[in-house]
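Remarks on the structure that follows.
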Amino acid sequence: MPDAPPKRKITLTVNGREYTAEAEDRYSLADFLRHALGLTGTHLGCEHGVCGACTVLVDGEAVRGCLMLAVQAEGCQVTTVEGLANADGSLSPLQQAFMDHHGLQCGFCTPGILTTLTAYLRDRPNADEAELREALSGNICRCTGYDTIVRAALAAAGAMREGGQP
């Protein structure tokens, strides 16, 4: 019988909470978040970095969770869709805009789109429609046609210019 794959203990902070758990060297960050930590908001679609469903924030930058190894996240700050809400539990302006403008349908792509847009709008709160469409080009949505997603992102950008966070 072959030996079990080696595991490493890793410590990272996810959504403001420190976690320590073991992961095989080959385990993706997305799988680690879902299976080792029980944070199932990060979705796995293509597992090749193409669809964007697994996008999370690592040290504030949008990263494909299926392409990053869990062991590479040692010591990092990770934010998943579960961590995007305000500290009091209320929705972030971006999440609220998605709700108000019907920016989701089945919801499978939504976590990756929300994390992608959170980082993008943080850095570019004056983004226009063309820029937002380009920013979303790495996130596949088969339900909405992107119009409601872009409307929601534009509304969130407006809220940010008035002092809110993504």
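Each chain in the structure tokens gets a letter, A, B and so on, in the order shown; residues start at 1 in every chain, and ligands are counted from 1 in the order they appear.
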
Residues of stretch 46-163 of chain A that have any atom at most 10 Å from an atom of stretch 22-29 of chain A: could you tabulate them with the shortest-distance atom pair and the distance in Å to one decimal, using only C-alpha atoms, ordered by chain and increasing number, as a Markdown table?
```
| residue | atom | partner | partner_atom | distance |
| --- | --- | --- | --- | --- |
| A:Glu47 | CA | A:Ser28 | CA | 9.4 |
| A:Cys54 | CA | A:Leu29 | CA | 9.2 |
| A:Val56 | CA | A:Leu29 | CA | 9.2 |
| A:Val63 | CA | A:Leu29 | CA | 9.8 |
| A:Arg64 | CA | A:Leu29 | CA | 8.6 |
| A:Gly65 | CA | A:Leu29 | CA | 5.0 |
| A:Cys66 | CA | A:Ser28 | CA | 5.4 |
| A:Leu67 | CA | A:Ser28 | CA | 6.6 |
| A:Met68 | CA | A:Leu29 | CA | 5.6 |
| A:Leu69 | CA | A:Ser28 | CA | 4.3 |
| A:Ala70 | CA | A:Leu29 | CA | 4.0 |
| A:Val71 | CA | A:Asp25 | CA | 6.4 |
| A:Gln72 | CA | A:Leu29 | CA | 8.2 |
| A:Ala73 | CA | A:Leu29 | CA | 7.4 |
| A:Val78 | CA | A:Leu29 | CA | 9.8 |
```

Distance query A:Ala85 at most 8 Å, only C-alpha atoms, self and fewer than 6 positions along chain excluded, as a PyMOL selection string: chain A and resi 91-92+95

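Of note, atom CA of A:Leu121 and atom CA of A:Ala156 are spaced 8.3 Å apart.
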
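Within 12 Å of A:Arg142, once only C-alpha atoms are used and residues closer than 5 positions along the same chain are dropped, the contacting residues are Gly45, Cys51, Ala53, Leu104, Gln105, Cys106, Gly107, Phe108, Cys109 and Thr110 of chain A.
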
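For the residues A:Gly138, A:Gly103, A:Gly16, A:Pro111, ranking by smallest atom-to-atom distance to A:His43 using only C-alpha atoms places A:Pro111 first.
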
Length of the atom CA of A:Gly60 to atom CA of A:Thr80 vector [Å]: 10.6 Å

A:His101 surroundings by only C-alpha atoms, 8 Å radius, close-in-sequence under 6 positions cut, as JSON, numbers by chain: {"A": [148, 149, 151, 152]}

Selection from above, N, CA and C atoms, as an mmCIF file, in the first residue's frame, can you write it?
```
data_model
loop_
_atom_site.group_PDB
_atom_site.id
_atom_site.type_symbol
_atom_site.label_atom_id
_atom_site.label_comp_id
_atom_site.auth_asym_id
_atom_site.auth_seq_id
_atom_site.Cartn_x
_atom_site.Cartn_y
_atom_site.Cartn_z
ATOM 1 N N THR A 148 -26.853 43.040 -15.317
ATOM 2 C CA THR A 148 -27.232 43.359 -13.937
ATOM 3 C C THR A 148 -26.018 43.371 -13.011
ATOM 4 N N ILE A 149 -25.034 42.552 -13.313
ATOM 5 C CA ILE A 149 -23.798 42.543 -12.521
ATOM 6 C C ILE A 149 -23.079 43.885 -12.678
ATOM 7 N N ARG A 151 -24.432 46.742 -13.652
ATOM 8 C CA ARG A 151 -25.255 47.786 -13.008
ATOM 9 C C ARG A 151 -25.014 47.812 -11.503
ATOM 10 N N ALA A 152 -24.953 46.635 -10.901
ATOM 11 C CA ALA A 152 -24.697 46.546 -9.459
ATOM 12 C C ALA A 152 -23.314 47.095 -9.122
#
```

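Interatomic distance, atom CA of A:Asp88 to atom CA of A:Glu74: 27.7 Å.
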
Picked from stretch 3-166 of chain A by DSSP as helix (DSSP H, G or I), as an NGL selection string: :A and (29-36 or 70-73 or 81-83 or 93-100 or 110-123 or 129-138 or 147-161)

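Comparing A:Ala159, A:Leu44, A:Tyr146, A:Gly75 by their smallest distance to A:Asp31, the closest is A:Leu44 (using only C-alpha atoms).
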
Selected residue of minimal separation from A:Gly145 among A:Asn15, A:Gly83, A:His102, A:Gly163, counting only C-alpha atoms: A:His102

Those in chain A with strand (DSSP E or B) from DSSP, as a ChimeraX atom specification: /A:7-14,17-24,28,55-58,61-64,69,77-79

Store the residues picked out above, limited to C-alpha atoms, as a PDB file, in the first residue's frame.
```pdb
ATOM      1  CA  LYS A   7       1.022  16.950   5.017  1.00  0.00           C
ATOM      2  CA  ARG A   8       2.176  20.287   6.367  1.00  0.00           C
ATOM      3  CA  LYS A   9       0.697  22.325   9.141  1.00  0.00           C
ATOM      4  CA  ILE A  10      -0.173  25.805   7.928  1.00  0.00           C
ATOM      5  CA  THR A  11      -1.451  28.851   9.734  1.00  0.00           C
ATOM      6  CA  LEU A  12      -3.334  31.611   7.981  1.00  0.00           C
ATOM      7  CA  THR A  13      -5.934  34.198   8.819  1.00  0.00           C
ATOM      8  CA  VAL A  14      -9.248  33.808   7.035  1.00  0.00           C
ATOM      9  CA  ARG A  17      -9.845  34.550  12.250  1.00  0.00           C
ATOM     10  CA  GLU A  18      -6.598  32.604  12.575  1.00  0.00           C
ATOM     11  CA  TYR A  19      -6.676  28.951  11.552  1.00  0.00           C
ATOM     12  CA  THR A  20      -4.070  26.213  11.810  1.00  0.00           C
ATOM     13  CA  ALA A  21      -4.663  22.981   9.941  1.00  0.00           C
ATOM     14  CA  GLU A  22      -2.833  20.342   7.946  1.00  0.00           C
ATOM     15  CA  ALA A  23      -2.825  20.225   4.171  1.00  0.00           C
ATOM     16  CA  GLU A  24      -1.201  17.996   1.621  1.00  0.00           C
ATOM     17  CA  SER A  28      -5.393  23.886  -3.503  1.00  0.00           C
ATOM     18  CA  THR A  55     -11.592  33.773  -6.547  1.00  0.00           C
ATOM     19  CA  VAL A  56     -10.633  34.868  -3.033  1.00  0.00           C
ATOM     20  CA  LEU A  57      -8.577  37.768  -1.711  1.00  0.00           C
ATOM     21  CA  VAL A  58      -5.072  36.929  -0.519  1.00  0.00           C
ATOM     22  CA  GLU A  61      -5.435  40.818  -4.039  1.00  0.00           C
ATOM     23  CA  ALA A  62      -7.846  38.721  -6.093  1.00  0.00           C
ATOM     24  CA  VAL A  63      -6.403  35.219  -6.541  1.00  0.00           C
ATOM     25  CA  ARG A  64      -7.761  32.048  -8.112  1.00  0.00           C
ATOM     26  CA  LEU A  69      -1.642  25.885  -3.153  1.00  0.00           C
ATOM     27  CA  GLN A  77      -4.615  37.145   5.184  1.00  0.00           C
ATOM     28  CA  VAL A  78      -7.377  35.495   3.142  1.00  0.00           C
ATOM     29  CA  THR A  79     -10.835  36.909   2.595  1.00  0.00           C
TER      30      THR A  79
END
```

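Counting only C-alpha atoms and comparing A:Tyr120, A:Arg161, A:Ala153, A:Gly52, the residue that lies closest to A:Asp100 is A:Ala153.
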
Of the listed residues A:Leu154, A:Val50, A:Ala30, A:Asn126, that which approaches A:Leu94 most closely, counting only C-alpha atoms: A:Leu154
